[in-house]
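Engineer: For reference, this is query_38.cif, and it has mmCIF, N, CA and C atoms.
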data_entry
loop_
_atom_site.label_atom_id
_atom_site.label_comp_id
_atom_site.auth_asym_id
_atom_site.auth_seq_id
_atom_site.Cartn_x
_atom_site.Cartn_y
_atom_site.Cartn_z
N ARG A 27 11.60 13.15 -26.68
CA ARG A 27 12.43 12.46 -25.73
C ARG A 27 11.62 12.17 -24.48
N LEU A 28 11.84 11.04 -23.89
CA LEU A 28 11.09 10.61 -22.71
C LEU A 28 12.03 10.50 -21.53
N LEU A 29 11.69 11.16 -20.44
CA LEU A 29 12.45 11.09 -19.20
C LEU A 29 11.61 10.32 -18.19
N THR A 30 12.15 9.24 -17.69
CA THR A 30 11.45 8.41 -16.72
C THR A 30 12.23 8.43 -15.41
N PHE A 31 11.53 8.65 -14.32
CA PHE A 31 12.17 8.61 -13.01
C PHE A 31 11.17 8.12 -11.99
N SER A 32 11.72 7.55 -10.94
CA SER A 32 10.87 7.07 -9.86
C SER A 32 10.82 8.11 -8.76
N LEU A 33 9.96 7.91 -7.83
CA LEU A 33 9.79 8.85 -6.73
C LEU A 33 11.06 8.98 -5.90
N GLY A 34 11.84 7.92 -5.82
CA GLY A 34 13.09 7.96 -5.08
C GLY A 34 14.15 8.82 -5.73
N ASP A 35 13.98 9.15 -7.02
CA ASP A 35 14.95 9.98 -7.73
C ASP A 35 14.71 11.46 -7.55
N LEU A 36 13.59 11.82 -6.97
CA LEU A 36 13.26 13.23 -6.86
C LEU A 36 14.05 13.92 -5.77
N PRO A 37 14.18 15.22 -5.86
CA PRO A 37 14.87 15.96 -4.80
C PRO A 37 14.16 15.76 -3.46
N PRO A 38 14.91 15.73 -2.36
CA PRO A 38 14.29 15.47 -1.06
C PRO A 38 13.21 16.48 -0.69
N GLN A 39 13.35 17.75 -1.09
CA GLN A 39 12.34 18.74 -0.71
C GLN A 39 11.03 18.54 -1.46
N ALA A 40 11.03 17.73 -2.50
CA ALA A 40 9.80 17.48 -3.25
C ALA A 40 8.95 16.41 -2.59
N LEU A 41 9.52 15.68 -1.66
CA LEU A 41 8.83 14.55 -1.06
C LEU A 41 8.43 14.85 0.37
N PRO A 42 7.43 14.15 0.88
CA PRO A 42 7.12 14.26 2.30
C PRO A 42 8.32 13.78 3.11
N PRO A 43 8.55 14.32 4.29
CA PRO A 43 9.73 13.92 5.07
C PRO A 43 9.71 12.44 5.41
N ALA A 44 10.87 11.82 5.26
CA ALA A 44 11.00 10.39 5.55
C ALA A 44 11.33 10.22 7.03
N PRO A 45 10.92 9.11 7.62
CA PRO A 45 11.27 8.88 9.01
C PRO A 45 12.78 8.71 9.15
N PRO A 46 13.37 9.13 10.28
CA PRO A 46 14.82 8.99 10.45
C PRO A 46 15.21 7.52 10.58
N PHE A 47 16.50 7.26 10.34
CA PHE A 47 16.99 5.90 10.48
C PHE A 47 16.88 5.46 11.93
N TYR A 48 16.71 4.18 12.11
CA TYR A 48 16.63 3.60 13.44
C TYR A 48 17.99 3.74 14.13
N ALA A 49 18.02 4.30 15.31
CA ALA A 49 19.28 4.59 15.99
C ALA A 49 20.01 3.32 16.42
N GLY A 50 19.30 2.28 16.74
CA GLY A 50 19.93 1.05 17.19
C GLY A 50 20.26 0.13 16.03
N ASP A 51 20.91 0.67 15.00
CA ASP A 51 21.23 -0.10 13.80
C ASP A 51 22.36 -1.08 14.11
N ASP A 52 22.15 -2.35 13.80
CA ASP A 52 23.16 -3.36 14.10
C ASP A 52 23.82 -3.91 12.84
N ARG A 53 23.99 -3.05 11.81
CA ARG A 53 24.63 -3.49 10.59
C ARG A 53 26.15 -3.53 10.76
N THR A 54 26.77 -4.34 9.94
CA THR A 54 28.22 -4.45 9.98
C THR A 54 28.83 -3.22 9.30
N PRO A 55 30.12 -2.93 9.54
CA PRO A 55 30.75 -1.79 8.88
C PRO A 55 30.71 -1.88 7.35
N GLU A 56 30.81 -3.09 6.81
CA GLU A 56 30.74 -3.26 5.36
C GLU A 56 29.34 -2.89 4.84
N GLN A 57 28.32 -3.30 5.57
CA GLN A 57 26.95 -2.96 5.18
C GLN A 57 26.71 -1.46 5.28
N LEU A 58 27.27 -0.83 6.32
CA LEU A 58 27.12 0.61 6.47
C LEU A 58 27.83 1.36 5.34
N GLU A 59 29.00 0.87 4.93
CA GLU A 59 29.74 1.50 3.83
C GLU A 59 28.97 1.35 2.52
N LEU A 60 28.43 0.18 2.28
CA LEU A 60 27.62 -0.04 1.08
C LEU A 60 26.39 0.86 1.09
N HIS A 61 25.77 1.00 2.25
CA HIS A 61 24.61 1.88 2.39
C HIS A 61 25.01 3.33 2.10
N ARG A 62 26.17 3.76 2.61
CA ARG A 62 26.64 5.13 2.38
C ARG A 62 26.91 5.37 0.90
N GLN A 63 27.51 4.39 0.22
CA GLN A 63 27.79 4.53 -1.21
C GLN A 63 26.50 4.62 -2.02
N ARG A 64 25.54 3.79 -1.68
CA ARG A 64 24.24 3.86 -2.38
C ARG A 64 23.56 5.20 -2.14
N HIS A 65 23.64 5.68 -0.90
CA HIS A 65 23.04 6.97 -0.57
C HIS A 65 23.70 8.09 -1.36
N GLU A 66 25.02 8.09 -1.45
CA GLU A 66 25.72 9.13 -2.22
C GLU A 66 25.37 9.06 -3.70
N ALA A 67 25.26 7.85 -4.26
CA ALA A 67 24.89 7.71 -5.67
C ALA A 67 23.47 8.21 -5.90
N ARG A 68 22.57 7.92 -4.97
CA ARG A 68 21.19 8.38 -5.09
C ARG A 68 21.13 9.91 -5.00
N GLU A 69 21.91 10.49 -4.09
CA GLU A 69 21.95 11.95 -3.96
C GLU A 69 22.54 12.61 -5.20
N ALA A 70 23.56 12.00 -5.80
CA ALA A 70 24.14 12.54 -7.03
C ALA A 70 23.11 12.52 -8.15
N ARG A 71 22.35 11.43 -8.24
CA ARG A 71 21.31 11.35 -9.27
C ARG A 71 20.22 12.39 -9.01
N ARG A 72 19.85 12.58 -7.76
CA ARG A 72 18.84 13.59 -7.43
C ARG A 72 19.32 14.99 -7.79
N THR A 73 20.58 15.29 -7.50
CA THR A 73 21.14 16.60 -7.83
C THR A 73 21.13 16.82 -9.33
N LEU A 74 21.55 15.81 -10.08
CA LEU A 74 21.54 15.91 -11.54
C LEU A 74 20.12 16.08 -12.06
N LEU A 75 19.19 15.30 -11.53
CA LEU A 75 17.80 15.39 -11.97
C LEU A 75 17.22 16.76 -11.62
N ARG A 76 17.51 17.27 -10.42
CA ARG A 76 17.00 18.57 -10.01
C ARG A 76 17.52 19.67 -10.95
N SER A 77 18.81 19.67 -11.25
CA SER A 77 19.36 20.70 -12.13
C SER A 77 18.81 20.56 -13.55
N TRP A 78 18.60 19.32 -13.99
CA TRP A 78 18.05 19.11 -15.33
C TRP A 78 16.59 19.56 -15.40
N MET A 79 15.82 19.26 -14.34
CA MET A 79 14.41 19.66 -14.34
C MET A 79 14.26 21.17 -14.26
N GLU A 80 15.16 21.85 -13.54
CA GLU A 80 15.08 23.30 -13.43
C GLU A 80 15.43 23.98 -14.75
N ALA A 81 16.32 23.37 -15.52
CA ALA A 81 16.77 23.97 -16.78
C ALA A 81 15.86 23.59 -17.96
N ALA A 82 15.19 22.45 -17.87
CA ALA A 82 14.40 21.96 -19.00
C ALA A 82 12.98 22.49 -18.94
N SER A 83 12.35 22.43 -20.10
CA SER A 83 10.92 22.70 -20.16
C SER A 83 10.30 21.60 -21.02
N PHE A 84 9.35 20.92 -20.44
CA PHE A 84 8.75 19.77 -21.09
C PHE A 84 7.48 20.16 -21.85
N THR A 85 7.20 19.42 -22.91
CA THR A 85 5.99 19.68 -23.69
C THR A 85 4.79 18.94 -23.14
N SER A 86 5.01 17.95 -22.30
CA SER A 86 3.91 17.23 -21.66
C SER A 86 4.46 16.46 -20.47
N GLY A 87 3.56 16.01 -19.61
CA GLY A 87 3.96 15.25 -18.44
C GLY A 87 2.97 14.15 -18.16
N VAL A 88 3.47 12.98 -17.82
CA VAL A 88 2.64 11.85 -17.45
C VAL A 88 3.10 11.38 -16.08
N LEU A 89 2.17 11.32 -15.16
CA LEU A 89 2.46 10.91 -13.79
C LEU A 89 1.60 9.70 -13.46
N VAL A 90 2.23 8.65 -12.98
CA VAL A 90 1.52 7.45 -12.54
C VAL A 90 1.79 7.30 -11.06
N ALA A 91 0.75 7.36 -10.26
CA ALA A 91 0.90 7.28 -8.81
C ALA A 91 -0.32 6.60 -8.20
N ASN A 92 -0.16 6.14 -6.97
CA ASN A 92 -1.31 5.56 -6.29
C ASN A 92 -1.48 6.14 -4.90
N ALA A 93 -0.93 7.32 -4.67
CA ALA A 93 -1.12 8.00 -3.39
C ALA A 93 -1.28 9.50 -3.63
N GLN A 94 -2.24 10.09 -2.96
CA GLN A 94 -2.54 11.51 -3.15
C GLN A 94 -1.37 12.38 -2.70
N THR A 95 -0.66 11.99 -1.65
CA THR A 95 0.46 12.80 -1.18
C THR A 95 1.57 12.87 -2.23
N ASP A 96 1.80 11.76 -2.95
CA ASP A 96 2.81 11.77 -4.00
C ASP A 96 2.40 12.73 -5.13
N ILE A 97 1.15 12.68 -5.50
CA ILE A 97 0.66 13.54 -6.59
C ILE A 97 0.75 15.00 -6.19
N MET A 98 0.30 15.33 -5.00
CA MET A 98 0.33 16.73 -4.57
C MET A 98 1.75 17.24 -4.39
N ALA A 99 2.69 16.37 -4.03
CA ALA A 99 4.08 16.79 -3.89
C ALA A 99 4.71 17.08 -5.25
N LEU A 100 4.25 16.38 -6.28
CA LEU A 100 4.85 16.53 -7.61
C LEU A 100 4.20 17.59 -8.48
N LEU A 101 2.96 17.95 -8.21
CA LEU A 101 2.26 18.91 -9.08
C LEU A 101 2.99 20.25 -9.24
N PRO A 102 3.50 20.87 -8.19
CA PRO A 102 4.22 22.13 -8.40
C PRO A 102 5.46 21.98 -9.28
N HIS A 103 6.14 20.84 -9.19
CA HIS A 103 7.31 20.61 -10.03
C HIS A 103 6.91 20.45 -11.49
N PHE A 104 5.81 19.75 -11.73
CA PHE A 104 5.34 19.62 -13.10
C PHE A 104 4.92 20.98 -13.65
N ALA A 105 4.22 21.74 -12.84
CA ALA A 105 3.76 23.06 -13.29
C ALA A 105 4.92 23.98 -13.62
N ALA A 106 6.01 23.87 -12.87
CA ALA A 106 7.16 24.74 -13.10
C ALA A 106 7.96 24.35 -14.33
N THR A 107 7.94 23.08 -14.72
CA THR A 107 8.79 22.64 -15.81
C THR A 107 8.06 22.45 -17.14
N LEU A 108 6.75 22.60 -17.15
CA LEU A 108 6.00 22.42 -18.40
C LEU A 108 5.95 23.72 -19.20
N GLN A 109 6.03 23.58 -20.51
CA GLN A 109 5.90 24.71 -21.41
C GLN A 109 4.43 25.11 -21.51
N GLY A 110 4.19 26.27 -22.12
CA GLY A 110 2.82 26.68 -22.38
C GLY A 110 2.17 25.72 -23.36
N SER A 111 0.89 25.53 -23.25
CA SER A 111 0.11 24.59 -24.06
C SER A 111 0.55 23.15 -23.83
N ALA A 112 1.05 22.87 -22.66
CA ALA A 112 1.48 21.50 -22.33
C ALA A 112 0.33 20.73 -21.70
N ARG A 113 0.28 19.47 -21.98
CA ARG A 113 -0.75 18.58 -21.45
C ARG A 113 -0.16 17.77 -20.30
N LEU A 114 -0.91 17.68 -19.22
CA LEU A 114 -0.52 16.87 -18.07
C LEU A 114 -1.54 15.75 -17.93
N VAL A 115 -1.06 14.53 -17.76
CA VAL A 115 -1.91 13.37 -17.57
C VAL A 115 -1.46 12.67 -16.29
N ILE A 116 -2.39 12.43 -15.40
CA ILE A 116 -2.10 11.72 -14.15
C ILE A 116 -2.99 10.48 -14.11
N TYR A 117 -2.36 9.32 -13.93
CA TYR A 117 -3.10 8.07 -13.79
C TYR A 117 -3.03 7.62 -12.34
N CYS A 118 -4.16 7.18 -11.84
CA CYS A 118 -4.23 6.64 -10.49
C CYS A 118 -5.34 5.60 -10.45
N PRO A 119 -5.14 4.48 -9.77
CA PRO A 119 -6.20 3.48 -9.72
C PRO A 119 -7.38 3.88 -8.85
N TYR A 120 -7.23 4.96 -8.06
CA TYR A 120 -8.31 5.36 -7.14
C TYR A 120 -8.76 6.78 -7.44
N ARG A 121 -10.05 6.97 -7.58
CA ARG A 121 -10.60 8.29 -7.89
C ARG A 121 -10.38 9.28 -6.74
N GLU A 122 -10.47 8.82 -5.51
CA GLU A 122 -10.35 9.70 -4.36
C GLU A 122 -8.99 10.40 -4.31
N CYS A 123 -7.95 9.73 -4.79
CA CYS A 123 -6.61 10.31 -4.80
C CYS A 123 -6.48 11.45 -5.80
N LEU A 124 -7.38 11.52 -6.76
CA LEU A 124 -7.30 12.54 -7.80
C LEU A 124 -8.21 13.74 -7.56
N LEU A 125 -9.05 13.69 -6.53
CA LEU A 125 -9.99 14.80 -6.29
C LEU A 125 -9.28 16.07 -5.84
N GLN A 126 -8.35 15.98 -4.90
CA GLN A 126 -7.62 17.18 -4.47
C GLN A 126 -6.72 17.73 -5.58
N PRO A 127 -5.98 16.88 -6.34
CA PRO A 127 -5.23 17.42 -7.48
C PRO A 127 -6.14 18.07 -8.53
N PHE A 128 -7.33 17.52 -8.72
CA PHE A 128 -8.29 18.10 -9.65
C PHE A 128 -8.64 19.53 -9.23
N GLN A 129 -8.94 19.72 -7.96
CA GLN A 129 -9.27 21.06 -7.45
C GLN A 129 -8.06 21.98 -7.53
N TRP A 130 -6.87 21.47 -7.22
CA TRP A 130 -5.66 22.29 -7.26
C TRP A 130 -5.40 22.79 -8.68
N LEU A 131 -5.54 21.92 -9.67
CA LEU A 131 -5.31 22.31 -11.06
C LEU A 131 -6.31 23.37 -11.50
N ARG A 132 -7.56 23.22 -11.12
CA ARG A 132 -8.57 24.22 -11.51
C ARG A 132 -8.28 25.56 -10.86
N GLN A 133 -7.90 25.56 -9.59
CA GLN A 133 -7.62 26.81 -8.89
C GLN A 133 -6.32 27.45 -9.37
N ALA A 134 -5.38 26.64 -9.88
CA ALA A 134 -4.10 27.15 -10.36
C ALA A 134 -4.19 27.71 -11.77
N GLY A 135 -5.36 27.66 -12.38
CA GLY A 135 -5.53 28.27 -13.70
C GLY A 135 -5.35 27.34 -14.88
N TRP A 136 -5.24 26.05 -14.64
CA TRP A 136 -5.17 25.11 -15.75
C TRP A 136 -6.54 25.04 -16.42
N VAL A 137 -6.57 24.72 -17.69
CA VAL A 137 -7.83 24.64 -18.42
C VAL A 137 -8.05 23.21 -18.88
N ASP A 138 -9.28 22.93 -19.27
CA ASP A 138 -9.68 21.62 -19.76
C ASP A 138 -9.32 20.52 -18.76
N VAL A 139 -9.58 20.79 -17.48
CA VAL A 139 -9.29 19.80 -16.43
C VAL A 139 -10.42 18.78 -16.42
N GLN A 140 -10.05 17.52 -16.63
CA GLN A 140 -11.06 16.46 -16.71
C GLN A 140 -10.60 15.25 -15.91
N LEU A 141 -11.55 14.63 -15.24
CA LEU A 141 -11.31 13.39 -14.51
C LEU A 141 -12.19 12.33 -15.16
N THR A 142 -11.56 11.32 -15.75
CA THR A 142 -12.31 10.31 -16.48
C THR A 142 -11.91 8.92 -16.03
N ASP A 143 -12.82 8.00 -16.23
CA ASP A 143 -12.56 6.59 -15.96
C ASP A 143 -11.88 6.01 -17.19
N SER A 144 -10.81 5.28 -17.00
CA SER A 144 -10.06 4.74 -18.14
C SER A 144 -10.51 3.34 -18.54
N TRP A 145 -11.69 2.95 -18.13
CA TRP A 145 -12.18 1.61 -18.43
C TRP A 145 -12.39 1.46 -19.93
N LEU A 146 -11.80 0.44 -20.47
CA LEU A 146 -11.95 0.15 -21.89
C LEU A 146 -12.41 -1.29 -22.02
N ARG A 147 -13.53 -1.47 -22.66
CA ARG A 147 -14.08 -2.81 -22.80
C ARG A 147 -13.63 -3.40 -24.13
N PRO A 148 -12.97 -4.56 -24.08
CA PRO A 148 -12.53 -5.18 -25.33
C PRO A 148 -13.72 -5.76 -26.11
N TYR A 149 -13.56 -5.74 -27.41
CA TYR A 149 -14.60 -6.28 -28.29
C TYR A 149 -14.10 -7.54 -28.97
N GLN A 150 -15.03 -8.47 -29.16
CA GLN A 150 -14.71 -9.73 -29.81
C GLN A 150 -15.26 -9.66 -31.22
N THR A 151 -14.41 -10.01 -32.16
CA THR A 151 -14.88 -10.00 -33.55
C THR A 151 -15.03 -11.42 -34.05
N ALA A 152 -16.09 -11.62 -34.73
CA ALA A 152 -16.34 -12.89 -35.40
C ALA A 152 -16.79 -12.56 -36.81
N GLU A 153 -16.81 -13.52 -37.66
CA GLU A 153 -17.16 -13.25 -39.05
C GLU A 153 -18.57 -12.68 -39.16
N GLY A 154 -18.65 -11.46 -39.64
CA GLY A 154 -19.94 -10.82 -39.85
C GLY A 154 -20.55 -10.17 -38.61
N ARG A 155 -19.86 -10.18 -37.49
CA ARG A 155 -20.43 -9.55 -36.30
C ARG A 155 -19.33 -9.06 -35.35
N LEU A 156 -19.74 -8.16 -34.47
CA LEU A 156 -18.85 -7.56 -33.48
C LEU A 156 -19.63 -7.39 -32.20
N HIS A 157 -19.12 -7.89 -31.08
CA HIS A 157 -19.82 -7.71 -29.81
C HIS A 157 -18.81 -7.62 -28.67
N PRO A 158 -19.19 -6.95 -27.56
CA PRO A 158 -18.25 -6.82 -26.45
C PRO A 158 -18.03 -8.16 -25.76
N GLU A 159 -16.82 -8.32 -25.23
CA GLU A 159 -16.54 -9.53 -24.47
C GLU A 159 -17.35 -9.51 -23.19
N MET A 160 -17.83 -10.65 -22.78
CA MET A 160 -18.70 -10.72 -21.61
C MET A 160 -17.91 -10.80 -20.31
N SER A 161 -16.70 -11.32 -20.35
CA SER A 161 -15.91 -11.42 -19.13
C SER A 161 -14.74 -10.42 -19.21
N CYS A 162 -14.88 -9.34 -18.49
CA CYS A 162 -13.82 -8.33 -18.45
C CYS A 162 -13.90 -7.61 -17.11
N THR A 163 -12.82 -6.96 -16.74
CA THR A 163 -12.80 -6.25 -15.48
C THR A 163 -13.68 -5.00 -15.57
N SER A 164 -14.18 -4.58 -14.44
CA SER A 164 -15.09 -3.44 -14.46
C SER A 164 -14.40 -2.12 -14.20
N HIS A 165 -13.10 -2.17 -13.89
CA HIS A 165 -12.42 -0.93 -13.55
C HIS A 165 -10.93 -1.07 -13.83
N SER A 166 -10.33 -0.01 -14.38
CA SER A 166 -8.89 -0.07 -14.63
C SER A 166 -8.19 1.21 -14.21
N GLY A 167 -8.85 2.09 -13.49
CA GLY A 167 -8.20 3.29 -12.99
C GLY A 167 -8.83 4.56 -13.54
N TYR A 168 -8.25 5.70 -13.14
CA TYR A 168 -8.78 7.00 -13.52
C TYR A 168 -7.68 7.87 -14.11
N LEU A 169 -8.06 8.75 -15.00
CA LEU A 169 -7.14 9.69 -15.63
C LEU A 169 -7.56 11.11 -15.30
N LEU A 170 -6.62 11.90 -14.87
CA LEU A 170 -6.82 13.32 -14.66
C LEU A 170 -5.99 14.02 -15.71
N THR A 171 -6.63 14.77 -16.58
CA THR A 171 -5.92 15.47 -17.64
C THR A 171 -6.16 16.97 -17.52
N ALA A 172 -5.18 17.74 -17.90
CA ALA A 172 -5.29 19.20 -17.84
C ALA A 172 -4.34 19.81 -18.86
N LEU A 173 -4.66 21.03 -19.26
CA LEU A 173 -3.87 21.77 -20.23
C LEU A 173 -3.37 23.04 -19.58
N LEU A 174 -2.07 23.28 -19.67
CA LEU A 174 -1.47 24.47 -19.10
C LEU A 174 -1.36 25.55 -20.17
N VAL A 175 -1.88 26.71 -19.88
CA VAL A 175 -1.80 27.84 -20.80
C VAL A 175 -1.01 28.94 -20.10
N ARG A 176 0.10 29.32 -20.70
CA ARG A 176 0.92 30.40 -20.16
C ARG A 176 0.75 31.64 -21.01
N LYS A 177 0.84 32.78 -20.37
CA LYS A 177 0.70 34.05 -21.10
C LYS A 177 2.02 34.51 -21.60
#
Can the structure from this file be put into structure tokens for me?

Structural biologist:
Amino acid sequence: RLLTFSLGDLPPQALPPAPPFYAGDDRTPEQLELHRQRHEAREARRTLLRSWMEAASFTSGVLVANAQTDIMALLPHFAATLQGSARLVIYCPYRECLLQPFQWLRQAGWVDVQLTDSWLRPYQTAEGRLHPEMSCTSHSGYLLTALLVRK
């Protein structure tokens, strides 16, 4: 089973603090009511997700992010909900964002921690021959993988 959620669905304590609302808000009462309803629905989803994540144990985790603060905020939650022998994969387009999570995973006792470039060069096939395509991008992001071993 696959559970997909965005950063906005996470519990508020898992995220860096958000700036407060602007005090001089000039929205109409209808807009404020709609905003309140959306906020309550989002909080209900966060509560459900939080209780589900605390009760569940996942066999693997895949995180796609492009900011180091997001990754570091989520790592403890992934570590708490993964089963033993679970694989964690983090994708990020920038290597620098994965260096601190790489060190955190190694210090936290994860094994087989690897940071690799996910560049894949397509190959062109013609009758009787195979050669790489000459026009392709030189970079497609980085993968940080680790294996959790519990005693």

Engineer: Quick one: of A:Ala67, A:Leu170, A:Leu58, A:Ala112, who's nearest to A:Ile97, counting only C-alpha atoms?

Structural biologist: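 Counting only C-alpha atoms, the residue closest to A:Ile97 is A:Leu170.
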
Engineer: Take atom CA of A:Arg121 and atom CA of A:Tyr168 and report the distance between them in Å, one decimal.

Structural biologist: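 If I compute the distance from atom CA of A:Arg121 to atom CA of A:Tyr168, I get 6.1 Å.
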
Engineer: What separation in Å, quoted to one decimal, exists between atom CA of A:Gln94 and atom CA of A:Pro119?

Structural biologist: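 Atom-to-atom, atom CA of A:Gln94 to atom CA of A:Pro119, that is 11.0 Å.
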
Engineer: May I ask which of the residues A:Ala105, A:Ala99, A:Val137, A:Leu169 is the closest one to A:Leu124, counting all atoms listed in the file?

Structural biologist: A:Leu169

Engineer: Between A:Glu153, A:Thr142, A:Cys118, A:Phe104, single out the one closest to A:Gly167, counting only C-alpha atoms.

Structural biologist: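 Closest to A:Gly167 of all the choices is A:Cys118.
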
Engineer: Work out how far atom C of A:Asn92 is from atom C of A:Asp143, in Å to one decimal.

Structural biologist: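 Atom-to-atom, atom C of A:Asp143 to atom C of A:Asn92, that is 16.1 Å.
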
Engineer: What residues come out when you apply the PyMOL selection byres (((chain A and resi 135 and name CA) around 10) and name CA) to this file, written as a list in words?

Structural biologist: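 Those residues are Trp130, Leu131, Arg132, Gln133, Ala134, Trp136, Val137, Asp138, Val139, Ala172, Leu173, Leu174, Val175 and Arg176 of chain A.
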
Engineer: So that I have them on file, write out the residues from the current selection with N, CA and C atoms, as a compact mmCIF listing (two decimals), in the frame of the given file.

Structural biologist:
# COMPACT_ATOMS: atom_id res chain seq x y z
N TRP A 130 -6.87 21.47 -7.22
CA TRP A 130 -5.66 22.29 -7.26
C TRP A 130 -5.40 22.79 -8.68
N LEU A 131 -5.54 21.92 -9.67
CA LEU A 131 -5.31 22.31 -11.06
C LEU A 131 -6.31 23.37 -11.50
N ARG A 132 -7.56 23.22 -11.12
CA ARG A 132 -8.57 24.22 -11.51
C ARG A 132 -8.28 25.56 -10.86
N GLN A 133 -7.90 25.56 -9.59
CA GLN A 133 -7.62 26.81 -8.89
C GLN A 133 -6.32 27.45 -9.37
N ALA A 134 -5.38 26.64 -9.88
CA ALA A 134 -4.10 27.15 -10.36
C ALA A 134 -4.19 27.71 -11.77
N TRP A 136 -5.24 26.05 -14.64
CA TRP A 136 -5.17 25.11 -15.75
C TRP A 136 -6.54 25.04 -16.42
N VAL A 137 -6.57 24.72 -17.69
CA VAL A 137 -7.83 24.64 -18.42
C VAL A 137 -8.05 23.21 -18.88
N ASP A 138 -9.28 22.93 -19.27
CA ASP A 138 -9.68 21.62 -19.76
C ASP A 138 -9.32 20.52 -18.76
N VAL A 139 -9.58 20.79 -17.48
CA VAL A 139 -9.29 19.80 -16.43
C VAL A 139 -10.42 18.78 -16.42
N ALA A 172 -5.18 17.74 -17.90
CA ALA A 172 -5.29 19.20 -17.84
C ALA A 172 -4.34 19.81 -18.86
N LEU A 173 -4.66 21.03 -19.26
CA LEU A 173 -3.87 21.77 -20.23
C LEU A 173 -3.37 23.04 -19.58
N LEU A 174 -2.07 23.28 -19.67
CA LEU A 174 -1.47 24.47 -19.10
C LEU A 174 -1.36 25.55 -20.17
N VAL A 175 -1.88 26.71 -19.88
CA VAL A 175 -1.80 27.84 -20.80
C VAL A 175 -1.01 28.94 -20.10
N ARG A 176 0.10 29.32 -20.70
CA ARG A 176 0.92 30.40 -20.16
C ARG A 176 0.75 31.64 -21.01

Engineer: Between A:Glu66, A:Glu122, A:Asp96, A:Glu56, which is the closest to A:Leu141 once you count only C-alpha atoms?

Structural biologist: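 Closest residue, counting only C-alpha atoms: A:Glu122.
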
Engineer: Tell me, as a PyMOL selection string, which residues lie within 8 Å of A:Ser86, counting only C-alpha atoms; anything in the same chain fewer than 5 positions away does not count.

Structural biologist: chain A and resi 108-109+112-114
